[in-house]
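What follows is the content of model.cif (mmCIF, C-alpha atoms).
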data_model
#
loop_
_atom_site.label_atom_id
_atom_site.label_comp_id
_atom_site.auth_asym_id
_atom_site.auth_seq_id
_atom_site.Cartn_x
_atom_site.Cartn_y
_atom_site.Cartn_z
CA MET A 1 -68.70 -173.43 185.12
CA SER A 2 -70.37 -171.14 182.63
CA GLU A 3 -69.00 -168.80 180.03
CA ALA A 4 -71.05 -165.90 181.33
CA THR A 5 -69.52 -165.97 184.81
CA GLN A 6 -66.03 -166.37 183.33
CA LYS A 7 -66.63 -163.32 181.18
CA ALA A 8 -67.83 -161.35 184.21
CA ALA A 9 -64.68 -162.34 186.11
CA PHE A 10 -62.55 -161.38 183.09
CA TRP A 11 -64.02 -157.88 182.91
CA LEU A 12 -63.67 -157.45 186.66
CA GLY A 13 -59.98 -158.31 186.21
CA VAL A 14 -59.63 -155.79 183.38
CA ARG A 15 -61.24 -153.10 185.57
CA HIS A 16 -58.89 -153.86 188.45
CA GLY A 17 -55.83 -154.06 186.18
CA LEU A 18 -56.51 -150.80 184.34
CA PRO A 19 -55.42 -148.36 187.10
CA PHE A 20 -51.94 -149.90 186.99
CA ILE A 21 -51.45 -148.18 183.62
CA PHE A 22 -50.72 -145.00 185.55
CA LEU A 23 -47.87 -146.78 187.31
CA LEU A 24 -46.56 -149.05 184.55
CA VAL A 25 -46.31 -146.27 181.98
CA PRO A 26 -43.84 -144.18 184.01
CA PHE A 27 -42.02 -147.27 185.28
CA GLY A 28 -41.69 -148.96 181.88
CA THR A 29 -40.73 -145.69 180.22
CA LEU A 30 -38.10 -145.20 182.87
CA PHE A 31 -36.65 -148.63 182.16
CA GLY A 32 -36.51 -147.84 178.44
CA VAL A 33 -34.76 -144.54 179.12
CA VAL A 34 -32.33 -145.97 181.69
CA GLY A 35 -31.49 -148.98 179.52
CA THR A 36 -30.84 -146.86 176.44
CA GLU A 37 -28.83 -144.35 178.45
CA ALA A 38 -26.75 -147.24 179.77
CA GLY A 39 -25.82 -148.18 176.21
CA LEU A 40 -28.32 -150.92 175.27
CA ASN A 41 -29.93 -150.73 171.84
CA VAL A 42 -33.70 -150.68 171.37
CA LEU A 43 -33.82 -154.41 170.59
CA GLU A 44 -31.93 -155.32 173.78
CA VAL A 45 -34.07 -153.03 175.93
CA MET A 46 -37.24 -154.53 174.46
CA ALA A 47 -35.92 -158.08 174.91
CA PHE A 48 -35.48 -157.34 178.62
CA SER A 49 -39.10 -156.27 179.02
CA ILE A 50 -40.52 -159.09 176.89
CA VAL A 51 -38.30 -162.01 177.92
CA VAL A 52 -37.85 -161.12 181.60
CA ILE A 53 -41.04 -159.10 182.25
CA ALA A 54 -40.01 -158.16 185.82
CA GLY A 55 -39.18 -154.51 186.39
CA ALA A 56 -37.17 -154.69 189.60
CA ALA A 57 -34.94 -157.49 188.28
CA GLN A 58 -34.44 -155.67 184.96
CA PHE A 59 -33.29 -152.50 186.74
CA THR A 60 -31.00 -154.59 188.94
CA ALA A 61 -29.43 -156.30 185.93
CA VAL A 62 -28.84 -153.06 184.02
CA SER A 63 -27.33 -151.25 187.00
CA LEU A 64 -24.97 -154.16 187.73
CA MET A 65 -23.93 -154.35 184.08
CA VAL A 66 -23.16 -150.63 184.18
CA ASP A 67 -20.98 -151.36 187.23
CA ASN A 68 -19.22 -153.97 185.08
CA ALA A 69 -20.15 -156.87 187.39
CA PRO A 70 -19.38 -160.35 186.03
CA THR A 71 -22.27 -161.93 184.12
CA LEU A 72 -22.77 -164.65 186.71
CA ILE A 73 -23.11 -162.09 189.52
CA VAL A 74 -25.55 -160.06 187.40
CA LEU A 75 -27.70 -163.17 186.89
CA ALA A 76 -27.53 -164.40 190.49
CA THR A 77 -28.40 -160.99 191.95
CA SER A 78 -31.27 -160.26 189.58
CA LEU A 79 -32.68 -163.74 190.08
CA ALA A 80 -32.47 -163.25 193.85
CA VAL A 81 -34.61 -160.13 193.41
CA ASN A 82 -37.06 -162.36 191.53
CA LEU A 83 -37.15 -165.16 194.12
CA ARG A 84 -40.37 -163.70 195.45
CA MET A 85 -41.96 -165.04 192.26
CA ALA A 86 -41.47 -168.60 193.51
CA MET A 87 -43.54 -167.54 196.52
CA TYR A 88 -46.17 -166.05 194.21
CA SER A 89 -46.21 -169.34 192.32
CA ALA A 90 -46.72 -171.28 195.55
CA ALA A 91 -49.43 -168.91 196.74
CA LEU A 92 -51.39 -169.18 193.48
CA THR A 93 -51.03 -172.96 193.22
CA PRO A 94 -54.04 -173.83 195.43
CA HIS A 95 -56.18 -171.60 193.17
CA LEU A 96 -54.79 -172.22 189.69
CA GLY A 97 -52.90 -175.51 190.06
CA ALA A 98 -55.71 -177.49 188.45
CA ALA A 99 -55.38 -175.60 185.15
CA LYS A 100 -53.98 -177.33 182.05
CA LEU A 101 -50.21 -177.36 181.56
CA TRP A 102 -50.23 -174.79 178.74
CA GLN A 103 -52.49 -172.55 180.84
CA ARG A 104 -50.12 -172.85 183.79
CA SER A 105 -47.19 -171.93 181.51
CA PHE A 106 -49.12 -168.89 180.33
CA ILE A 107 -49.99 -167.93 183.92
CA ALA A 108 -46.34 -168.37 184.92
CA TYR A 109 -44.97 -166.13 182.15
CA PHE A 110 -47.36 -163.31 183.16
CA MET A 111 -46.88 -163.72 186.92
CA VAL A 112 -45.94 -160.08 187.62
CA ASP A 113 -46.36 -158.26 190.94
CA GLN A 114 -49.67 -156.69 189.90
CA ALA A 115 -51.20 -159.94 188.65
CA PHE A 116 -50.19 -161.73 191.84
CA ALA A 117 -51.23 -158.92 194.19
CA LEU A 118 -54.70 -158.53 192.68
CA SER A 119 -55.51 -162.21 192.16
CA SER A 120 -54.20 -163.52 195.46
CA VAL A 121 -56.38 -161.02 197.32
CA LYS A 122 -59.42 -161.60 195.07
CA PHE A 123 -59.16 -165.42 195.15
CA GLU A 124 -59.08 -165.39 198.97
CA GLU A 125 -62.12 -163.10 198.98
CA ARG A 126 -64.10 -165.05 196.37
CA LYS A 127 -63.60 -168.59 197.60
CA GLU A 128 -66.71 -169.72 195.70
CA TRP A 129 -65.11 -168.91 192.32
CA SER A 130 -64.54 -171.84 189.96
CA LEU A 131 -61.24 -172.41 188.16
CA SER A 132 -62.61 -170.86 184.97
CA GLU A 133 -63.65 -167.70 186.82
CA LYS A 134 -60.24 -167.46 188.46
CA LEU A 135 -58.53 -167.90 185.08
CA GLY A 136 -60.85 -165.28 183.61
CA TYR A 137 -59.95 -162.79 186.32
CA TYR A 138 -56.19 -163.46 185.98
CA VAL A 139 -56.24 -162.98 182.20
CA GLY A 140 -58.37 -159.87 182.69
CA VAL A 141 -55.74 -158.32 184.96
CA ILE A 142 -52.95 -159.13 182.49
CA VAL A 143 -54.68 -157.69 179.43
CA PRO A 144 -54.11 -154.02 180.33
CA VAL A 145 -50.93 -154.63 182.36
CA ALA A 146 -48.54 -156.57 180.06
CA PRO A 147 -48.98 -154.68 176.74
CA CYS A 148 -48.66 -151.46 178.70
CA TRP A 149 -45.31 -152.64 180.06
CA TYR A 150 -43.99 -153.48 176.56
CA LEU A 151 -45.22 -150.26 174.95
CA ALA A 152 -43.97 -148.03 177.76
CA THR A 153 -40.53 -149.65 177.51
CA LEU A 154 -40.52 -149.02 173.76
CA ALA A 155 -41.54 -145.39 174.30
CA GLY A 156 -38.77 -144.95 176.85
CA ALA A 157 -36.18 -146.58 174.61
CA LEU A 158 -37.18 -144.31 171.73
CA ILE A 159 -37.08 -141.19 173.90
CA GLY A 160 -33.66 -142.40 174.97
CA GLU A 161 -32.55 -139.23 176.63
CA ALA A 162 -32.35 -138.02 180.22
CA MET A 163 -35.74 -137.45 181.83
CA PRO A 164 -35.90 -134.31 183.95
CA GLU A 165 -34.95 -135.31 187.49
CA ALA A 166 -37.84 -133.24 188.87
CA LEU A 167 -40.18 -136.04 187.75
CA ALA A 168 -38.74 -138.21 190.54
CA LEU A 169 -39.71 -141.37 188.65
CA ASP A 170 -37.36 -143.34 190.89
CA PHE A 171 -40.08 -143.21 193.50
CA ALA A 172 -42.90 -144.63 191.36
CA LEU A 173 -42.10 -148.19 192.44
CA PRO A 174 -42.05 -147.61 196.22
CA ILE A 175 -45.37 -145.75 195.98
CA VAL A 176 -46.93 -148.57 193.94
CA PHE A 177 -45.80 -151.25 196.35
CA LEU A 178 -46.85 -149.30 199.47
CA ALA A 179 -50.24 -148.56 197.90
CA LEU A 180 -50.69 -152.30 197.32
CA ILE A 181 -49.64 -153.29 200.82
CA ALA A 182 -51.46 -150.71 202.98
CA PRO A 183 -55.03 -151.78 202.10
CA ALA A 184 -54.01 -155.43 202.62
CA LEU A 185 -53.03 -154.84 206.27
CA ARG A 186 -56.28 -156.28 207.57
CA THR A 187 -55.14 -158.07 210.74
CA GLN A 188 -52.46 -157.82 213.41
CA ALA A 189 -50.73 -160.78 211.77
CA HIS A 190 -50.45 -158.81 208.49
CA MET A 191 -49.14 -155.79 210.44
CA ALA A 192 -46.57 -157.91 212.27
CA ALA A 193 -45.36 -159.47 209.02
CA ALA A 194 -45.04 -156.07 207.31
CA MET A 195 -43.18 -154.47 210.24
CA THR A 196 -40.79 -157.44 210.50
CA SER A 197 -40.10 -157.21 206.80
CA VAL A 198 -39.29 -153.48 206.95
CA ILE A 199 -37.08 -153.67 210.05
CA LEU A 200 -35.13 -156.72 208.87
CA ALA A 201 -34.72 -155.44 205.31
CA LEU A 202 -33.18 -152.23 206.70
CA ALA A 203 -31.06 -154.03 209.28
CA LEU A 204 -29.80 -156.54 206.69
CA ALA A 205 -29.31 -154.05 203.84
CA TRP A 206 -25.54 -154.54 204.15
CA ILE A 207 -25.79 -158.14 202.92
CA PRO A 208 -24.85 -158.17 199.23
CA TYR A 209 -26.99 -159.28 196.28
CA SER A 210 -30.36 -158.30 197.80
CA LEU A 211 -30.18 -161.35 200.06
CA GLY A 212 -31.26 -159.21 203.03
CA VAL A 213 -34.65 -158.60 201.41
CA LEU A 214 -35.05 -162.32 200.83
CA ILE A 215 -34.21 -163.22 204.45
CA ALA A 216 -36.49 -160.43 205.71
CA GLY A 217 -39.33 -161.78 203.57
CA LEU A 218 -38.96 -165.35 204.76
CA VAL A 219 -38.75 -164.37 208.45
CA ALA A 220 -41.71 -161.99 208.05
CA MET A 221 -43.81 -164.79 206.55
CA ALA A 222 -43.02 -166.98 209.55
CA VAL A 223 -43.91 -164.11 211.91
CA GLY A 224 -47.26 -163.56 210.17
CA ALA A 225 -48.10 -167.27 210.36
CA ARG A 226 -47.01 -167.44 214.03
CA VAL A 227 -49.13 -164.42 215.05
CA GLU A 228 -52.10 -165.93 213.21
CA THR A 229 -51.68 -169.19 215.15
CA TRP A 230 -51.48 -167.30 218.48
CA GLN A 231 -54.59 -165.31 217.71
CA GLU A 232 -56.53 -168.44 216.78
CA ALA A 233 -55.42 -170.07 220.03
CA GLN A 234 -56.68 -167.08 222.03
CA GLN A 235 -60.18 -167.25 220.58
CA MET B 1 -21.97 -147.38 180.43
CA ILE B 2 -22.48 -151.00 179.49
CA THR B 3 -19.32 -152.10 177.68
CA GLN B 4 -19.90 -155.87 177.68
CA PRO B 5 -19.92 -157.57 174.28
CA SER B 6 -23.31 -158.23 172.74
CA TRP B 7 -23.29 -161.97 173.57
CA GLU B 8 -22.88 -161.19 177.29
CA ILE B 9 -25.84 -158.82 177.23
CA TRP B 10 -27.94 -161.52 175.54
CA ALA B 11 -26.70 -164.12 178.02
CA VAL B 12 -28.07 -161.91 180.83
CA ILE B 13 -31.40 -161.37 179.04
CA VAL B 14 -31.93 -165.06 178.21
CA GLY B 15 -30.58 -166.35 181.56
CA LEU B 16 -32.73 -163.93 183.53
CA GLY B 17 -35.76 -164.75 181.40
CA VAL B 18 -35.37 -168.52 181.78
CA GLY B 19 -34.62 -168.23 185.52
CA SER B 20 -37.59 -165.96 186.16
CA PHE B 21 -39.91 -168.26 184.26
CA ALA B 22 -38.58 -171.25 186.21
CA MET B 23 -39.39 -169.54 189.51
CA ARG B 24 -42.83 -168.44 188.37
CA PHE B 25 -43.59 -171.92 187.04
CA SER B 26 -42.02 -173.86 189.94
CA PHE B 27 -44.86 -174.61 192.33
CA LEU B 28 -47.67 -174.03 189.87
CA GLY B 29 -46.15 -176.35 187.30
CA LEU B 30 -44.80 -179.09 189.50
CA VAL B 31 -47.24 -179.23 192.40
CA GLY B 32 -50.29 -178.82 190.17
CA ASP B 33 -53.57 -179.47 191.94
CA ARG B 34 -52.16 -181.56 194.77
CA ASN B 35 -53.08 -179.93 198.06
CA LEU B 36 -50.41 -178.13 200.02
CA PRO B 37 -50.22 -178.75 203.78
CA PRO B 38 -52.03 -176.15 205.98
CA TRP B 39 -48.83 -174.78 207.54
CA VAL B 40 -47.48 -173.98 204.07
CA LEU B 41 -50.72 -172.21 203.18
CA ARG B 42 -50.63 -170.25 206.42
CA HIS B 43 -47.15 -168.97 205.55
CA LEU B 44 -48.09 -168.19 201.97
CA ARG B 45 -50.97 -165.99 203.10
CA TYR B 46 -48.31 -163.52 204.18
CA THR B 47 -46.08 -163.55 201.06
CA ALA B 48 -47.17 -160.15 199.75
CA VAL B 49 -47.12 -158.28 203.07
CA ALA B 50 -43.85 -160.02 204.00
CA VAL B 51 -41.84 -159.40 200.82
CA LEU B 52 -43.01 -156.10 199.32
CA PRO B 53 -42.44 -153.88 202.42
CA GLY B 54 -38.86 -155.15 202.70
CA LEU B 55 -38.32 -154.58 198.99
CA VAL B 56 -39.28 -150.90 199.21
CA ALA B 57 -38.05 -149.97 202.71
CA PRO B 58 -34.42 -149.30 201.65
CA ALA B 59 -35.62 -147.24 198.66
CA VAL B 60 -37.80 -145.16 201.00
CA ILE B 61 -35.13 -144.52 203.64
CA TRP B 62 -32.08 -144.33 201.36
CA PRO B 63 -33.34 -143.24 197.92
CA ALA B 64 -30.81 -143.69 195.10
CA ALA B 65 -31.93 -140.40 193.52
CA THR B 66 -30.48 -138.43 196.46
CA GLY B 67 -27.34 -140.55 196.61
CA GLY B 68 -28.74 -142.54 199.54
CA ASP B 69 -29.48 -139.61 201.86
CA PRO B 70 -32.91 -139.68 203.54
CA ASP B 71 -35.18 -137.22 201.76
CA PRO B 72 -38.14 -135.48 203.45
CA ALA B 73 -40.23 -135.43 200.24
CA ARG B 74 -39.89 -139.20 199.63
CA LEU B 75 -40.36 -140.05 203.32
CA SER B 76 -43.59 -138.04 203.57
CA ALA B 77 -44.84 -139.44 200.24
CA ALA B 78 -44.28 -143.00 201.52
CA LEU B 79 -46.03 -142.21 204.81
CA MET B 80 -49.02 -140.57 203.08
CA THR B 81 -49.35 -143.52 200.67
CA CYS B 82 -49.56 -145.90 203.65
CA VAL B 83 -51.99 -143.76 205.64
CA ALA B 84 -54.30 -143.15 202.67
CA GLY B 85 -54.17 -146.80 201.60
CA TYR B 86 -54.82 -148.10 205.08
CA TYR B 87 -57.85 -145.90 205.75
CA SER B 88 -59.36 -145.84 202.25
CA ARG B 89 -58.60 -149.53 201.48
CA ASN B 90 -58.20 -148.29 197.91
CA VAL B 91 -54.99 -148.70 195.90
CA MET B 92 -55.60 -145.79 193.50
CA ILE B 93 -56.42 -143.32 196.29
CA ALA B 94 -53.18 -144.37 197.98
CA VAL B 95 -51.15 -143.86 194.79
CA ILE B 96 -52.67 -140.44 194.15
CA ALA B 97 -52.10 -139.36 197.76
CA GLY B 98 -48.48 -140.51 197.52
CA ALA B 99 -47.81 -138.84 194.16
CA LEU B 100 -49.43 -135.55 195.23
CA THR B 101 -47.40 -135.53 198.46
CA LEU B 102 -44.18 -136.30 196.58
CA TYR B 103 -44.62 -133.55 193.97
CA GLY B 104 -46.02 -131.11 196.54
CA MET B 105 -43.05 -131.58 198.85
CA LEU B 106 -40.49 -131.50 196.01
CA TRP B 107 -42.03 -128.21 194.86
CA LEU B 108 -42.20 -126.75 198.41
CA LEU B 109 -38.63 -127.74 199.23
CA GLY B 110 -37.46 -126.47 195.84
#

Kindly present the structure from the file in structure tokens form.
Amino acid sequence: MSEATQKAAFWLGVRHGLPFIFLLVPFGTLFGVVGTEAGLNVLEVMAFSIVVIAGAAQFTAVSLMVDNAPTLIVLATSLAVNLRMAMYSAALTPHLGAAKLWQRSFIAYFMVDQAFALSSVKFEERKEWSLSEKLGYYVGVIVPVAPCWYLATLAGALIGEAMPEALALDFALPIVFLALIAPALRTQAHMAAAMTSVILALALAWIPYSLGVLIAGLVAMAVGARVETWQEAQQ
Amino acid sequence: MITQPSWEIWAVIVGLGVGSFAMRFSFLGLVGDRNLPPWVLRHLRYTAVAVLPGLVAPAVIWPAATGGDPDPARLSAALMTCVAGYYSRNVMIAVIAGALTLYGMLWLLG
């Protein structure tokens, strides 16, 4: 474990995290605009992005509050959207579980989609990395990503007026997620998991509180694991 | 419009923040460096490809911006993002391909 290799991993993380600025700026700005339009003040909008730091759940909460849903339903639904983070936590545990408690708390607070997506792929690829290199990479990814999220939210909250609809910012998130998934479809097991997830999420979209997505995700994980076992048995 | 009193808004912010942190911390904080059984690891390998496609599929097929009607511009943008990402294995190329397709189609279809 040397400082030089940790630094190299850190800068690699920064390089990989940087392109997400192009996605987080529109997405964070959009949240600021939507939140302000919905009647939140700048402080409340900023508190969402700093305290919660999870775009999809924040949008869910604001839209349910606009619909005047009871507070408990708002919380349960938005947390259901965020359940995937427990899976991120589990997936990163074999790599980062040995870190100190305060480091794990820090990692947990910043466990956003981008940090998970980049590190889980990189840690699988670089199995020889030590804990300090993995930590360096994770922090590197966060450094451009998190401040960008806060600042974009602030910009959006200050703009606080309707964005032209022609910008179609609603579609920034689907494009980001698809762009993350497509290059990760390396094997038939990955393909099978992704297809299962799509078909089930659509078929179960009628289930309230985003539970359909959750069920689709769990079944798709099982399908991926099952296909992997079959393929290993065939070899 | 959000008409809830201020304390309810803050209850949502704090509750959502604490709950999200709890989920993010769960395994990492409690399991620590104990080894997880192989079958758990095998399932976790597929978390990203299992959850994210399901999360975006409804937004691709029934976009909120068009009131839930399927939209050719968003459908082709999603398809191009996948195709470009799959063949280039590069996230940024996929994003650019998707964004260009989206704006190109929105412009073409007026």

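Minimum distance to chain B across A:Lys127, A:His95, A:Lys7, A:Lys134 (counting all atoms listed in the file) occurs at A:His95.
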
Self-check item: Counting all atoms listed in the file, the option among A:Ser119, A:Ser197, A:Thr187, A:Ser132 closest to Tyr86 (chain B)
Solution: A:Thr187

Quiz prompt | From A:Ile107, A:Ala47, A:Ala90, A:Leu200, residue lying nearest Leu41 (chain B) [only C-alpha atoms] | solution =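 That would be A:Ala90, the residue with the smallest distance to Leu41 (chain B).
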
Could you make a table, as JSON lines, of the residues of chain A that have an atom within 6 Å of an atom of chain B, each with its nearest atom pair and distance in Å to one decimal, counting only C-alpha atoms, in chain and number order?
{"residue": "A:Ala38", "atom": "CA", "partner": "B:Met1", "partner_atom": "CA", "distance": 4.8}
{"residue": "A:Gly39", "atom": "CA", "partner": "B:Ile2", "partner_atom": "CA", "distance": 5.5}
{"residue": "A:Phe48", "atom": "CA", "partner": "B:Ile13", "partner_atom": "CA", "distance": 5.8}
{"residue": "A:Val51", "atom": "CA", "partner": "B:Gly17", "partner_atom": "CA", "distance": 5.1}
{"residue": "A:Val52", "atom": "CA", "partner": "B:Gly17", "partner_atom": "CA", "distance": 4.2}
{"residue": "A:Met65", "atom": "CA", "partner": "B:Ile2", "partner_atom": "CA", "distance": 5.9}
{"residue": "A:Val66", "atom": "CA", "partner": "B:Ile2", "partner_atom": "CA", "distance": 4.8}
{"residue": "A:Met85", "atom": "CA", "partner": "B:Arg24", "partner_atom": "CA", "distance": 5.2}
{"residue": "A:Ala86", "atom": "CA", "partner": "B:Met23", "partner_atom": "CA", "distance": 4.6}
{"residue": "A:Ser89", "atom": "CA", "partner": "B:Arg24", "partner_atom": "CA", "distance": 5.3}
{"residue": "A:Ala90", "atom": "CA", "partner": "B:Phe27", "partner_atom": "CA", "distance": 5.0}
{"residue": "A:Ala91", "atom": "CA", "partner": "B:Leu44", "partner_atom": "CA", "distance": 5.4}
{"residue": "A:Thr93", "atom": "CA", "partner": "B:Leu28", "partner_atom": "CA", "distance": 4.9}
{"residue": "A:Gly97", "atom": "CA", "partner": "B:Gly32", "partner_atom": "CA", "distance": 4.2}
{"residue": "A:Ala98", "atom": "CA", "partner": "B:Asp33", "partner_atom": "CA", "distance": 4.5}
{"residue": "A:Ala108", "atom": "CA", "partner": "B:Arg24", "partner_atom": "CA", "distance": 4.9}
{"residue": "A:Tyr109", "atom": "CA", "partner": "B:Phe21", "partner_atom": "CA", "distance": 5.9}
{"residue": "A:Pro174", "atom": "CA", "partner": "B:Val56", "partner_atom": "CA", "distance": 5.2}
{"residue": "A:Ala179", "atom": "CA", "partner": "B:Ala94", "partner_atom": "CA", "distance": 5.1}
{"residue": "A:Leu180", "atom": "CA", "partner": "B:Val91", "partner_atom": "CA", "distance": 5.8}
{"residue": "A:Ala182", "atom": "CA", "partner": "B:Tyr86", "partner_atom": "CA", "distance": 4.7}
{"residue": "A:Pro183", "atom": "CA", "partner": "B:Arg89", "partner_atom": "CA", "distance": 4.3}
{"residue": "A:Ala193", "atom": "CA", "partner": "B:Ala50", "partner_atom": "CA", "distance": 5.3}
{"residue": "A:Ala194", "atom": "CA", "partner": "B:Val49", "partner_atom": "CA", "distance": 5.2}
{"residue": "A:Ser197", "atom": "CA", "partner": "B:Gly54", "partner_atom": "CA", "distance": 4.8}
{"residue": "A:Val198", "atom": "CA", "partner": "B:Gly54", "partner_atom": "CA", "distance": 4.6}
{"residue": "A:Ala201", "atom": "CA", "partner": "B:Gly54", "partner_atom": "CA", "distance": 4.9}
{"residue": "A:Leu202", "atom": "CA", "partner": "B:Pro58", "partner_atom": "CA", "distance": 6.0}
{"residue": "A:Val213", "atom": "CA", "partner": "B:Gly54", "partner_atom": "CA", "distance": 5.6}
{"residue": "A:Gly217", "atom": "CA", "partner": "B:Val51", "partner_atom": "CA", "distance": 4.4}
{"residue": "A:Ala220", "atom": "CA", "partner": "B:Ala50", "partner_atom": "CA", "distance": 5.0}
{"residue": "A:Met221", "atom": "CA", "partner": "B:Tyr46", "partner_atom": "CA", "distance": 5.2}
{"residue": "A:Ala225", "atom": "CA", "partner": "B:His43", "partner_atom": "CA", "distance": 5.2}

Quiz item: Which one is closest to Arg186 (chain A): A:Leu151, A:Val121, A:Val223, A:Val34? Count all atoms listed in the file.
Solution: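 Among the listed residues, A:Val121 lies closest to Arg186 (chain A).
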
Quiz item: From the list A:Phe59, A:Tyr150, A:Phe171, A:Tyr138, which residue is nearest His16 (chain A) when using all atoms listed in the file?
Solution: A:Tyr138

Exercise. Enumerate, as a PyMOL selection string, the residues matched when the PyMOL selection byres ((chain A and resi 141) around 9) is run on the file above.
Key: chain A and resi 10-18+114-115+118-119+136-140+142-146

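What separates CA of Gly55 (chain A) from CA of Phe31 (chain A) is a distance of 7.7 Å.
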
Self-check item: Distance query Gly156 (chain A) at most 7 Å, all atoms listed in the file, self and fewer than 3 positions along chain excluded, as a list in words
Solution: Thr29, Leu30, Phe31, Gly32, Val33, Ala152, Thr153, Ile159 and Gly160 of chain A

Quiz item: Smallest atom-to-atom distance to Asn41 (chain A): which of A:Ala57, A:Val176, A:Leu154, A:Trp149, using only C-alpha atoms?
Solution: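 Using only C-alpha atoms, the shortest distance to Asn41 (chain A) belongs to A:Leu154.
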
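The space separating CA of Glu232 (chain A) from CA of Leu185 (chain A) comes to 17.5 Å.
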
Practice problem: Report the distance between CA of Leu75 (chain B) and CA of Met105 (chain B) in Å, rounded to one decimal place. | Solution: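 According to the coordinates, CA of Leu75 (chain B) and CA of Met105 (chain B) are separated by 9.9 Å.
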
Practice problem: Pull out every residue that the PyMOL selection byres ((chain A and resi 227) around 10) matches in the shown coordinates and put them as a PyMOL selection string. | Solution: chain A and resi 187-193+222-226+228-233
